[in-house]
Protein chains: 4
Amino acid sequence: MGPSSRPHGQRKRTFIEEARRAQIVSAAIDTVAEVGFAHASLSRIAQRAGISKGVISYHFSGKDELMDQVVEQVYSEIAEFVLPRIVEAPDERAALRAHILTVAEYMRGHREKLMALAGIFNGMQSPEGTSPRHRPMVAEPVYQGIEERLRTGQERGVFRDFDVRVMAVTLQASIDGMFAYWVTHPDHDLEAHAAELAELIDRSAR
Amino acid sequence: MGPSSRPHGQRKRTFIEEARRAQIVSAAIDTVAEVGFAHASLSRIAQRAGISKGVISYHFSGKDELMDQVVEQVYSEIAEFVLPRIVEAPDERAALRAHILTVAEYMRGHREKLMALAGIFNGMQSPEGTSPRHRPMVAEPVYQGIEERLRTGQERGVFRDFDVRVMAVTLQASIDGMFAYWVTHPDHDLEAHAAELAELIDRSAR
Amino acid sequence: MGPSSRPHGQRKRTFIEEARRAQIVSAAIDTVAEVGFAHASLSRIAQRAGISKGVISYHFSGKDELMDQVVEQVYSEIAEFVLPRIVEAPDERAALRAHILTVAEYMRGHREKLMALAGIFNGMQSPEGTSPRHRPMVAEPVYQGIEERLRTGQERGVFRDFDVRVMAVTLQASIDGMFAYWVTHPDHDLEAHAAELAELIDRSAR
Amino acid sequence: MGPSSRPHGQRKRTFIEEARRAQIVSAAIDTVAEVGFAHASLSRIAQRAGISKGVISYHFSGKDELMDQVVEQVYSEIAEFVLPRIVEAPDERAALRAHILTVAEYMRGHREKLMALAGIFNGMQSPEGTSPRHRPMVAEPVYQGIEERLRTGQERGVFRDFDVRVMAVTLQASIDGMFAYWVTHPDHDLEAHAAELAELIDRSAR
DNA sequence: TATGAATGAGAGTTCATTCAT
DNA sequence: TATGAATGAACTCTCATTCAT
C-alpha cells in the first residue's frame with residue numbers, strides 16, 4: 001500500500017512526499033532519456049535516484065502512474081516556457097513563428113527531458129493491438145490550442161483557408177521531426193532549422 | 001552458430017534459408033503490428049510462423065538482426081511502390097505531390113506493416129546511452145534522395161531557394177505524422193489529408 | 001518495542017491500549033473473512049481499521065501475535081454463546097444435541113467471523129517443517145470439555161462405551177464440515193443439517 | 001512460452017516432458033507438505049527438484065496449473081487405492097466400513113502427500129471474497145459417489161432413511177478430521193481411530 | 001537444419017518490519 | 001502513542017539465449 005494506505009492519486013500530499021515524487025519523476029526522466037523507455041526499469045530508476053526499488057511502489061501505484069507523471073510534468077514545463085511567448089506575439093503569423101522558435105529554444109536547453117517524453121510516447125504501446133493509451137489523450141488539447149489560433153488567423157484574414165487540423169498535425173510533426181533529427185545529429189544547427197521551418201510553415205499558411 | 005557454422009550476416013545463403021528468413025521476417029512484421037514491439041517476443045513470432053523458437057536464433061544472430069531485416073524489408077517495399085510514381089512525374093513539383101499522395105496510398109493498403117515499422121523504431125533504443133541505431137542508418141538515403149530532387153527543382157527554377165535538408169526532414173516528418181494521426185484516428189480522411197499536405201508543402205517550396 | 005518499551009504479551013495494558021487492540025483484531029477478522037488469510041496484509045487490515053500500518057506493529061509483536069488474538073477472541077465468543085445452552089440441558093444426550101444446534105445457530109449469525117477463523121487455521125502453517133502452531137493449542141481444551149461430558153454420560157449410562165477422544169474429534173470435525181459445506185453452498189439448509197447431524201451423532205453414541 | 005509455444009494444458013506431451021512434469025509435481029507435493037502452501041514458492045519447489053525456477057514456468061502455465069496438477073494426482077492415487085476395496089465389499093455396510101478403513105490405511109502410507117493436499121485446499125482462497133475455486137469442483141463427485149452408495153443401501157433396507165447429503169458430508173469431514181488429528185498427534189493410533197469411526201458411522205446409519 | 005528443453009537474469013509488485021519524528 | 005516513510009527480500013512471471021540431440 002502507498003502512503004496513508006489510501007489510493008494513489010487524488011489526495012493531499014505531504015511536503016516530503018511531494019519531494020520524493022519529484023525526485024523519482026526526475027530520475028525517471030533521466031533514465032528514460034538515457035537508456036530508452038524499454039530499458040528504463042524501476043530498478044534502474046531507483047538506482048539512479050539512490051533509493052530502494054520499493055520506494056517507487058510506495059509513492060506510485062505502479063510504473064504506469066510514474067510514467068504518466070513524467071509526461072505530465074514535461075508537458076507542463078514546455079507549456080510554461082512556450083505559451084507566454086506565443087501570447088505576447090502581435091498577430092497570428094508572429095505567434096506561429098514564435099511557437100516554432102520558442103520550442104526550439106526549449107529543446108536546446110532540455111534535450112534529455114524531451115528525449116524521455118519521446119521515449120515514453122513511443123514505448124507505450126498496449127498489448128493485443130489496443131490503441132496506445134496516451135498519445136491522443138495528451139496531444140488532443142495541444143492540437144486544439146493550435147487550431148484555435150489558426151482559425152482566428154483565418155478569420156482575421158492573416159491566413160488563407162486551409163484545413164486547420166491538417167496544418168496543426170503537420171506543424172506538430174514538423175517540430176517533433178526537427179527534434180528527432182537534432183537528437184540523432186547533435187551537430188545540426190537547431191536554430192537555423194527552426195528559422196527555416198518557421199518560414200516554410202508561414203509560406204504554407206499565407 | 002548459424003548455418004555452416006559461419007557467422008550470420010555476410011554469406012551466400014541457400015534458397016531454403018532465404019525462404020525461412022523471409023517467413024520469419026514476415027511473421028515478425030505481423031506480430032509487431034499486432035501486439036507492439038514491446039510484446040513481440042521471439043516466442044510469439046515463432047508461434048505465428050508456426051516454427052520452433054530456436055529456428056529464429058538459428059537464422060538470425062539475435063533479435064536485433066531480425067528487427068533490422070524487418071525494417072529493411074518494409075523500406076524496400078515502400079520504395080518499390082513509391083519510386084516509379086515519382087519518376088514518371090513531369091516535373092519536380094509534380095514529383096513532390098506524387099511522393100506524398102503515393103505514400104498515403106501505400107499507407108491505406110499496408111497499415112499494419114507500417115505500424116510494425118513505427119513500433120520497431122520506437123522500441124529500439126539501445127541501453128547505456130548509445131544513440132538509437134537505426135533511424136539515421138535507414139533514413140539517410142531517403143533524405144538524400146529527396147534532397148537531390150529538391151535541388152534539381154531549385155536549379156531548374158521550379159522551387160525557391162530553401163534549405164533542402166530542412167525541407168526533406170520536414171516532408172518526411174509530416175508524412176510520418178499523417179500516418180500516426182491516421183493510426184490513432186482511423187476515421188480520419190487520409191486521402192484528403194494527403195492532398196492538403198501536398199498543397200502545404202508545395203506552397204512552402206515555391 | 002511496544003508501549004512502555006516492554007515486550008508485547010505479558011503485561012498490564014491501559015484501557016486505551018486494549019481498545020486499540022480490540023479494534024485491530026476486529027478489523028483483522030473482517031479482512032481475513034473478506035479477502036482470505038493469504039491476502040490479508042497488515043496494510044489492508046490497517047486500512048480497514050482506519051489507522052496507520054505502524055500502529056499494528058506497535059500494539060502487536062507481529063502478524064503472528066495478531067492472528068493469535070483473532071483466533072482467541074473468536075473462540076471465546078463462540079464459547080460464550082454455546083456453553084450456557086449446553087449447561088442448561090437436562091442430560092448429556094440433550095447437551096450433545098444442544099451443542100450441535102447452538103453452534104449452527106451461531107454460524108448462521110456469524111458466518112464471516114467463522115470464515116476468518118477457518119482462513120487463519122488454514123493459512124497458518126509455519127515454514128521449515130515445524131508443525132502448525134495453533135490448531136492443537138486451541139482445540140485441545142475444546143476436546144477435553146467435550147470428552148468430559150461424554151464420559152459423564154457414559155458413567156450415567158446415557159451413552160454406550162465408545163472411545164471419547166474419537167467421538168470428540170468426530171463431533172468437532174462434523175461441525176466444521178457442516179460449516180464448510182454451508183459456506184460453499186449458501187443455499188444449503190443449515191438448520192436441517194444440524195438437526196440431521198444431531199440425530200446421527202446421537203445414534204452413534206447410544 | 002511453454003513447450004511448442006502452444007498453450008499449456010490439452011496437448012500431446014513428449015515422454016521427457018511428462019517426466020519433468022511428474023518430477024515437478026512431486027517436488028511441489030513434498031514442498032507443500034513440508035512448509036505449507038503459503039510458503040511453497042516456485043523458488044522452493046524448483047530448489048527441491050534441483051532445477052531452475054524457469055523450468056516450472058516452462059512446463060506449467062503458472063502456479064495455479066501446477067497446484068491443480070498436484071491435487072489431481074493425489075486424488076487419483078487415493079481413488080486408485082480405495083475404490084477397489086469398496087467395490088469388492090459384500091454389501092453397503094461393509095463398503096462404508098471399507099471406505100473408512102482403507103482411507104486410513106492410505107493415510108498411514110502417504111502422510112505427506114495428503115498434507116500437501118490439505119495445504120493446497122486451505123491455502124487456495126481467492127482474493128476479494130470470491131468463493132474458493134477448487135473445493136467444490138473436486139469434492140462434489142466424491143460426495144455424489146458416496147451418496148449413491150448410501151442411497152442404494154437405503155433402497156435395499158441396509159440403511160435407515162437419513163439425509164444422504166448430510167451423511168456424506170459428515171463422513172468426509174470425519175475422515176478429514178481423523179487425518180488432521182493424526183497429523184498433529186503422530187502418536188495417535190490411526191487404525192484404532194478408523195475402526196472406532198467405522199463403528200460410529202455404522203451405528204448412525206442403521 | 002530444426003527442435004524441445006533448460007537457463008538465469010530481470011521484470012513489476014507486494015509485504016512485514018523498522019525507525020525517526 | 002501514532003505516523004509516514006523507507007527498506008529489502010520474496011514473490012510470480014517473461015524472455016532472449018544456449019545447447020544436446
# chains A, B, ... in the order shown; residues from 1 in each chain; ligands from 1
>>> interface_residues(of="chain F", to="chain B", cutoff="9 Å", atoms="only C-alpha atoms (C1' of nucleotides)", output="list in words")
DC15, DA16 and DT17 of chain F
>>> interface_residues(of="chain B", to="chain D", cutoff="8 Å", atoms="only C-alpha atoms", output="MDAnalysis selection string")
chainID B and resid 43:44 46:47 52:53
>>> write_last_selection(atoms="C-alpha atoms", output="mmCIF file, in the first residue's frame")
data_model
loop_
_atom_site.group_PDB
_atom_site.id
_atom_site.type_symbol
_atom_site.label_atom_id
_atom_site.label_comp_id
_atom_site.auth_asym_id
_atom_site.auth_seq_id
_atom_site.Cartn_x
_atom_site.Cartn_y
_atom_site.Cartn_z
ATOM 1 C CA SER B 43 8.240 -16.910 -28.791
ATOM 2 C CA ARG B 44 5.263 -15.102 -30.185
ATOM 3 C CA ALA B 46 7.918 -18.213 -33.761
ATOM 4 C CA GLN B 47 4.415 -19.223 -32.798
ATOM 5 C CA SER B 52 10.157 -23.539 -33.097
ATOM 6 C CA LYS B 53 11.741 -20.759 -31.167
#
>>> calpha_fit_and_write(fixed="chain A", moving="chain B", output="JSON list (two decimals) with C-alpha atoms, in the first residue's frame")
[["chain", "number", "residue", "atom", "x", "y", "z"],
["B", 1, "MET", "CA", -1.43, 0.21, -0.80],
["B", 2, "GLY", "CA", 0.07, 3.65, -0.93],
["B", 3, "PRO", "CA", 0.20, 6.33, 1.72],
["B", 4, "SER", "CA", -2.70, 6.26, 4.16],
["B", 5, "SER", "CA", -3.68, 3.01, 2.56],
["B", 6, "ARG", "CA", -5.69, 4.93, 0.01],
["B", 7, "PRO", "CA", -5.47, 4.33, -3.68],
["B", 8, "HIS", "CA", -2.84, 6.24, -5.62],
["B", 9, "GLY", "CA", -4.09, 9.11, -7.65],
["B", 10, "GLN", "CA", -6.88, 11.35, -6.44],
["B", 11, "ARG", "CA", -6.00, 12.45, -2.94],
["B", 12, "LYS", "CA", -4.42, 15.24, -1.02],
["B", 13, "ARG", "CA", -0.70, 14.69, -0.69],
["B", 14, "THR", "CA", 1.66, 15.84, 2.00],
["B", 15, "PHE", "CA", 4.54, 18.10, 1.15],
["B", 16, "ILE", "CA", 7.06, 15.34, 1.75],
["B", 17, "GLU", "CA", 5.18, 13.00, -0.45],
["B", 18, "GLU", "CA", 5.07, 15.51, -3.28],
["B", 19, "ALA", "CA", 8.80, 16.00, -2.93],
["B", 20, "ARG", "CA", 9.44, 12.29, -3.18],
["B", 21, "ARG", "CA", 7.23, 12.00, -6.22],
["B", 22, "ALA", "CA", 9.01, 14.88, -7.89],
["B", 23, "GLN", "CA", 12.36, 13.34, -7.07],
["B", 24, "ILE", "CA", 11.33, 10.02, -8.53],
["B", 25, "VAL", "CA", 9.85, 11.60, -11.64],
["B", 26, "SER", "CA", 13.05, 13.51, -12.15],
["B", 27, "ALA", "CA", 15.14, 10.38, -11.78],
["B", 28, "ALA", "CA", 12.85, 8.63, -14.24],
["B", 29, "ILE", "CA", 13.35, 11.38, -16.80],
["B", 30, "ASP", "CA", 17.11, 11.16, -16.50],
["B", 31, "THR", "CA", 17.08, 7.40, -16.69],
["B", 32, "VAL", "CA", 14.86, 7.15, -19.73],
["B", 33, "ALA", "CA", 16.90, 9.84, -21.42],
["B", 34, "GLU", "CA", 20.08, 7.97, -20.77],
["B", 35, "VAL", "CA", 19.30, 4.32, -21.38],
["B", 36, "GLY", "CA", 16.03, 4.48, -23.28],
["B", 37, "PHE", "CA", 12.58, 3.50, -22.17],
["B", 38, "ALA", "CA", 13.14, -0.19, -22.75],
["B", 39, "HIS", "CA", 16.04, -0.33, -20.31],
["B", 40, "ALA", "CA", 14.67, 2.09, -17.77],
["B", 41, "SER", "CA", 13.72, -0.40, -15.10],
["B", 42, "LEU", "CA", 12.40, 0.64, -11.74],
["B", 43, "SER", "CA", 15.64, -0.62, -10.28],
["B", 44, "ARG", "CA", 17.69, 1.73, -12.36],
["B", 45, "ILE", "CA", 15.40, 4.64, -11.64],
["B", 46, "ALA", "CA", 15.50, 3.95, -7.92],
["B", 47, "GLN", "CA", 19.26, 3.63, -8.06],
["B", 48, "ARG", "CA", 19.58, 7.00, -9.74],
["B", 49, "ALA", "CA", 17.24, 8.56, -7.20],
["B", 50, "GLY", "CA", 19.31, 7.03, -4.44],
["B", 51, "ILE", "CA", 16.32, 5.31, -2.92],
["B", 52, "SER", "CA", 15.04, 1.78, -2.54],
["B", 53, "LYS", "CA", 13.06, 0.12, -5.23],
["B", 54, "GLY", "CA", 10.03, -0.29, -3.06],
["B", 55, "VAL", "CA", 9.61, 3.45, -2.62],
["B", 56, "ILE", "CA", 8.50, 3.82, -6.18],
["B", 57, "SER", "CA", 5.85, 1.19, -5.79],
["B", 58, "TYR", "CA", 4.84, 2.94, -2.64],
["B", 59, "HIS", "CA", 4.34, 6.31, -4.24],
["B", 60, "PHE", "CA", 3.07, 5.23, -7.61],
["B", 61, "SER", "CA", 0.57, 2.55, -8.41],
["B", 62, "GLY", "CA", 3.00, 1.13, -10.92],
["B", 63, "LYS", "CA", 5.38, 1.90, -13.70],
["B", 64, "ASP", "CA", 2.55, 3.19, -15.83],
["B", 65, "GLU", "CA", 1.51, 5.88, -13.41],
["B", 66, "LEU", "CA", 5.10, 6.97, -12.99],
["B", 67, "MET", "CA", 5.55, 7.35, -16.71],
["B", 68, "ASP", "CA", 2.29, 9.25, -16.95],
["B", 69, "GLN", "CA", 3.66, 11.71, -14.45],
["B", 70, "VAL", "CA", 6.87, 12.06, -16.38],
["B", 71, "VAL", "CA", 5.01, 12.94, -19.54],
["B", 72, "GLU", "CA", 2.74, 15.34, -17.75],
["B", 73, "GLN", "CA", 5.60, 17.16, -16.10],
["B", 74, "VAL", "CA", 7.67, 17.53, -19.22],
["B", 75, "TYR", "CA", 4.65, 18.83, -21.10],
["B", 76, "SER", "CA", 3.99, 21.37, -18.40],
["B", 77, "GLU", "CA", 7.52, 22.63, -18.49],
["B", 78, "ILE", "CA", 7.43, 23.06, -22.23],
["B", 79, "ALA", "CA", 4.16, 24.92, -22.06],
["B", 80, "GLU", "CA", 5.50, 27.15, -19.32],
["B", 81, "PHE", "CA", 8.44, 28.05, -21.49],
["B", 82, "VAL", "CA", 6.71, 28.45, -24.80],
["B", 83, "LEU", "CA", 3.30, 29.94, -24.05],
["B", 84, "PRO", "CA", 4.43, 33.37, -22.80],
["B", 85, "ARG", "CA", 6.37, 33.95, -26.00],
["B", 86, "ILE", "CA", 3.38, 33.04, -28.11],
["B", 87, "VAL", "CA", 1.05, 35.26, -26.15],
["B", 88, "GLU", "CA", 3.18, 38.33, -26.50],
["B", 89, "ALA", "CA", 3.36, 38.01, -30.29],
["B", 90, "PRO", "CA", 1.73, 40.95, -32.14],
["B", 91, "ASP", "CA", -0.37, 38.80, -34.47],
["B", 92, "GLU", "CA", -1.07, 35.18, -35.39],
["B", 93, "ARG", "CA", 1.65, 34.88, -38.01],
["B", 94, "ALA", "CA", 4.20, 36.09, -35.52],
["B", 95, "ALA", "CA", 2.74, 33.71, -32.94],
["B", 96, "LEU", "CA", 3.18, 30.77, -35.25],
["B", 97, "ARG", "CA", 6.75, 31.77, -35.94],
["B", 98, "ALA", "CA", 7.40, 32.28, -32.23],
["B", 99, "HIS", "CA", 5.93, 28.88, -31.47],
["B", 100, "ILE", "CA", 8.42, 27.14, -33.71],
["B", 101, "LEU", "CA", 11.44, 29.19, -32.71],
["B", 102, "THR", "CA", 10.73, 29.02, -29.01],
["B", 103, "VAL", "CA", 10.24, 25.29, -29.01],
["B", 104, "ALA", "CA", 13.55, 24.95, -30.82],
["B", 105, "GLU", "CA", 15.12, 27.13, -28.18],
["B", 106, "TYR", "CA", 13.72, 24.86, -25.50],
["B", 107, "MET", "CA", 15.00, 21.82, -27.33],
["B", 108, "ARG", "CA", 18.51, 23.17, -27.33],
["B", 109, "GLY", "CA", 18.41, 23.53, -23.54],
["B", 110, "HIS", "CA", 16.55, 20.34, -22.68],
["B", 111, "ARG", "CA", 17.68, 17.72, -25.12],
["B", 112, "GLU", "CA", 17.64, 14.89, -22.62],
["B", 113, "LYS", "CA", 14.28, 15.66, -21.10],
["B", 114, "LEU", "CA", 12.74, 15.60, -24.54],
["B", 115, "MET", "CA", 14.51, 12.43, -25.48],
["B", 116, "ALA", "CA", 12.92, 10.86, -22.43],
["B", 117, "LEU", "CA", 9.54, 12.09, -23.56],
["B", 118, "ALA", "CA", 10.03, 10.58, -26.98],
["B", 119, "GLY", "CA", 11.31, 7.38, -25.43],
["B", 120, "ILE", "CA", 8.22, 7.01, -23.31],
["B", 121, "PHE", "CA", 5.84, 7.75, -26.13],
["B", 122, "ASN", "CA", 7.53, 5.20, -28.24],
["B", 123, "GLY", "CA", 7.90, 2.51, -25.65],
["B", 124, "MET", "CA", 4.39, 2.78, -24.42],
["B", 125, "GLN", "CA", 2.29, 0.58, -26.51],
["B", 126, "SER", "CA", -0.06, -1.52, -24.51],
["B", 127, "PRO", "CA", -0.37, -5.20, -25.17],
["B", 128, "GLU", "CA", -3.45, -6.92, -26.52],
["B", 129, "GLY", "CA", -4.08, -4.46, -29.27],
["B", 130, "THR", "CA", -5.44, -1.68, -27.14],
["B", 131, "SER", "CA", -4.55, 1.62, -28.67],
["B", 132, "PRO", "CA", -1.66, 3.60, -27.24],
["B", 133, "ARG", "CA", -2.83, 5.23, -24.10],
["B", 134, "HIS", "CA", -1.17, 8.54, -23.93],
["B", 135, "ARG", "CA", -0.39, 10.29, -27.11],
["B", 136, "PRO", "CA", -3.94, 11.49, -27.79],
["B", 137, "MET", "CA", -4.63, 12.15, -24.13],
["B", 138, "VAL", "CA", -1.78, 14.57, -23.94],
["B", 139, "ALA", "CA", -1.70, 15.86, -27.46],
["B", 140, "GLU", "CA", -5.34, 16.77, -27.86],
["B", 141, "PRO", "CA", -5.21, 19.95, -25.74],
["B", 142, "VAL", "CA", -2.07, 20.95, -27.58],
["B", 143, "TYR", "CA", -3.78, 20.57, -30.91],
["B", 144, "GLN", "CA", -6.80, 22.50, -29.69],
["B", 145, "GLY", "CA", -4.67, 25.33, -28.49],
["B", 146, "ILE", "CA", -2.93, 25.59, -31.82],
["B", 147, "GLU", "CA", -6.15, 25.29, -33.76],
["B", 148, "GLU", "CA", -7.75, 28.07, -31.82],
["B", 149, "ARG", "CA", -4.97, 30.43, -32.76],
["B", 150, "LEU", "CA", -5.10, 29.32, -36.36],
["B", 151, "ARG", "CA", -8.82, 29.89, -36.48],
["B", 152, "THR", "CA", -8.46, 33.32, -35.00],
["B", 153, "GLY", "CA", -5.88, 34.11, -37.63],
["B", 154, "GLN", "CA", -8.23, 32.93, -40.33],
["B", 155, "GLU", "CA", -11.05, 35.07, -38.98],
["B", 156, "ARG", "CA", -8.82, 38.09, -38.93],
["B", 157, "GLY", "CA", -7.72, 37.44, -42.48],
["B", 158, "VAL", "CA", -4.12, 36.76, -41.52],
["B", 159, "PHE", "CA", -4.32, 33.14, -42.70],
["B", 160, "ARG", "CA", -6.01, 31.60, -45.68],
["B", 161, "ASP", "CA", -8.77, 29.05, -45.34],
["B", 162, "PHE", "CA", -7.01, 25.74, -44.64],
["B", 163, "ASP", "CA", -8.09, 22.81, -42.48],
["B", 164, "VAL", "CA", -6.91, 23.79, -39.04],
["B", 165, "ARG", "CA", -6.64, 20.26, -37.71],
["B", 166, "VAL", "CA", -4.41, 19.18, -40.57],
["B", 167, "MET", "CA", -2.30, 22.27, -40.11],
["B", 168, "ALA", "CA", -2.01, 21.65, -36.37],
["B", 169, "VAL", "CA", -1.04, 18.02, -36.85],
["B", 170, "THR", "CA", 1.46, 18.95, -39.52],
["B", 171, "LEU", "CA", 2.98, 21.70, -37.42],
["B", 172, "GLN", "CA", 3.37, 19.43, -34.42],
["B", 173, "ALA", "CA", 4.80, 16.62, -36.55],
["B", 174, "SER", "CA", 7.25, 18.97, -38.24],
["B", 175, "ILE", "CA", 8.52, 20.17, -34.88],
["B", 176, "ASP", "CA", 8.82, 16.62, -33.59],
["B", 177, "GLY", "CA", 10.62, 15.66, -36.75],
["B", 178, "MET", "CA", 13.01, 18.55, -36.35],
["B", 179, "PHE", "CA", 13.83, 17.34, -32.87],
["B", 180, "ALA", "CA", 14.28, 13.74, -33.95],
["B", 181, "TYR", "CA", 16.57, 14.78, -36.75],
["B", 182, "TRP", "CA", 18.63, 16.93, -34.44],
["B", 183, "VAL", "CA", 18.91, 14.11, -31.93],
["B", 184, "THR", "CA", 20.31, 11.73, -34.51],
["B", 185, "HIS", "CA", 22.41, 14.46, -36.16],
["B", 186, "PRO", "CA", 23.83, 16.48, -33.28],
["B", 187, "ASP", "CA", 25.81, 18.70, -35.63],
["B", 188, "HIS", "CA", 22.67, 19.79, -37.39],
["B", 189, "ASP", "CA", 21.98, 23.52, -37.13],
["B", 190, "LEU", "CA", 18.84, 23.54, -35.03],
["B", 191, "GLU", "CA", 18.25, 27.27, -35.13],
["B", 192, "ALA", "CA", 18.59, 27.45, -38.89],
["B", 193, "HIS", "CA", 16.23, 24.51, -39.22],
["B", 194, "ALA", "CA", 13.68, 26.24, -37.00],
["B", 195, "ALA", "CA", 13.89, 29.44, -39.01],
["B", 196, "GLU", "CA", 13.51, 27.56, -42.27],
["B", 197, "LEU", "CA", 10.60, 25.55, -40.89],
["B", 198, "ALA", "CA", 8.90, 28.73, -39.72],
["B", 199, "GLU", "CA", 9.18, 30.05, -43.25],
["B", 200, "LEU", "CA", 7.71, 26.86, -44.71],
["B", 201, "ILE", "CA", 4.78, 26.89, -42.32],
["B", 202, "ASP", "CA", 4.18, 30.58, -42.79],
["B", 203, "ARG", "CA", 4.04, 30.22, -46.56],
["B", 204, "SER", "CA", 1.71, 27.28, -46.37],
["B", 205, "ALA", "CA", -0.64, 29.22, -44.11],
["B", 206, "ARG", "CA", -0.87, 32.47, -46.02]]
>>> atom_distance(atom1="C1' of DG8 (chain E)", atom2="C1' of DC19 (chain F)")
14.6 Å
>>> interface_residues(of="chain E", to="chain B", cutoff="9 Å", atoms="only C-alpha atoms (C1' of nucleotides)", output="list in words")
DT1, DA2, DT3 and DG4 of chain E
>>> select_by_dssp(residues="chain A", states="helix (DSSP H, G or I)", output="ChimeraX atom specification")
/A:3-5,15-35,37-39,42-49,53-59,63-87,92-109,111-123,127-129,135-155,164-184,190-205
>>> atom_distance(atom1="C1' of DA9 (chain E)", atom2="C1' of DA6 (chain F)")
26.1 Å
>>> atom_distance(atom1="C1' of DA2 (chain F)", atom2="C1' of DT14 (chain E)")
23.9 Å
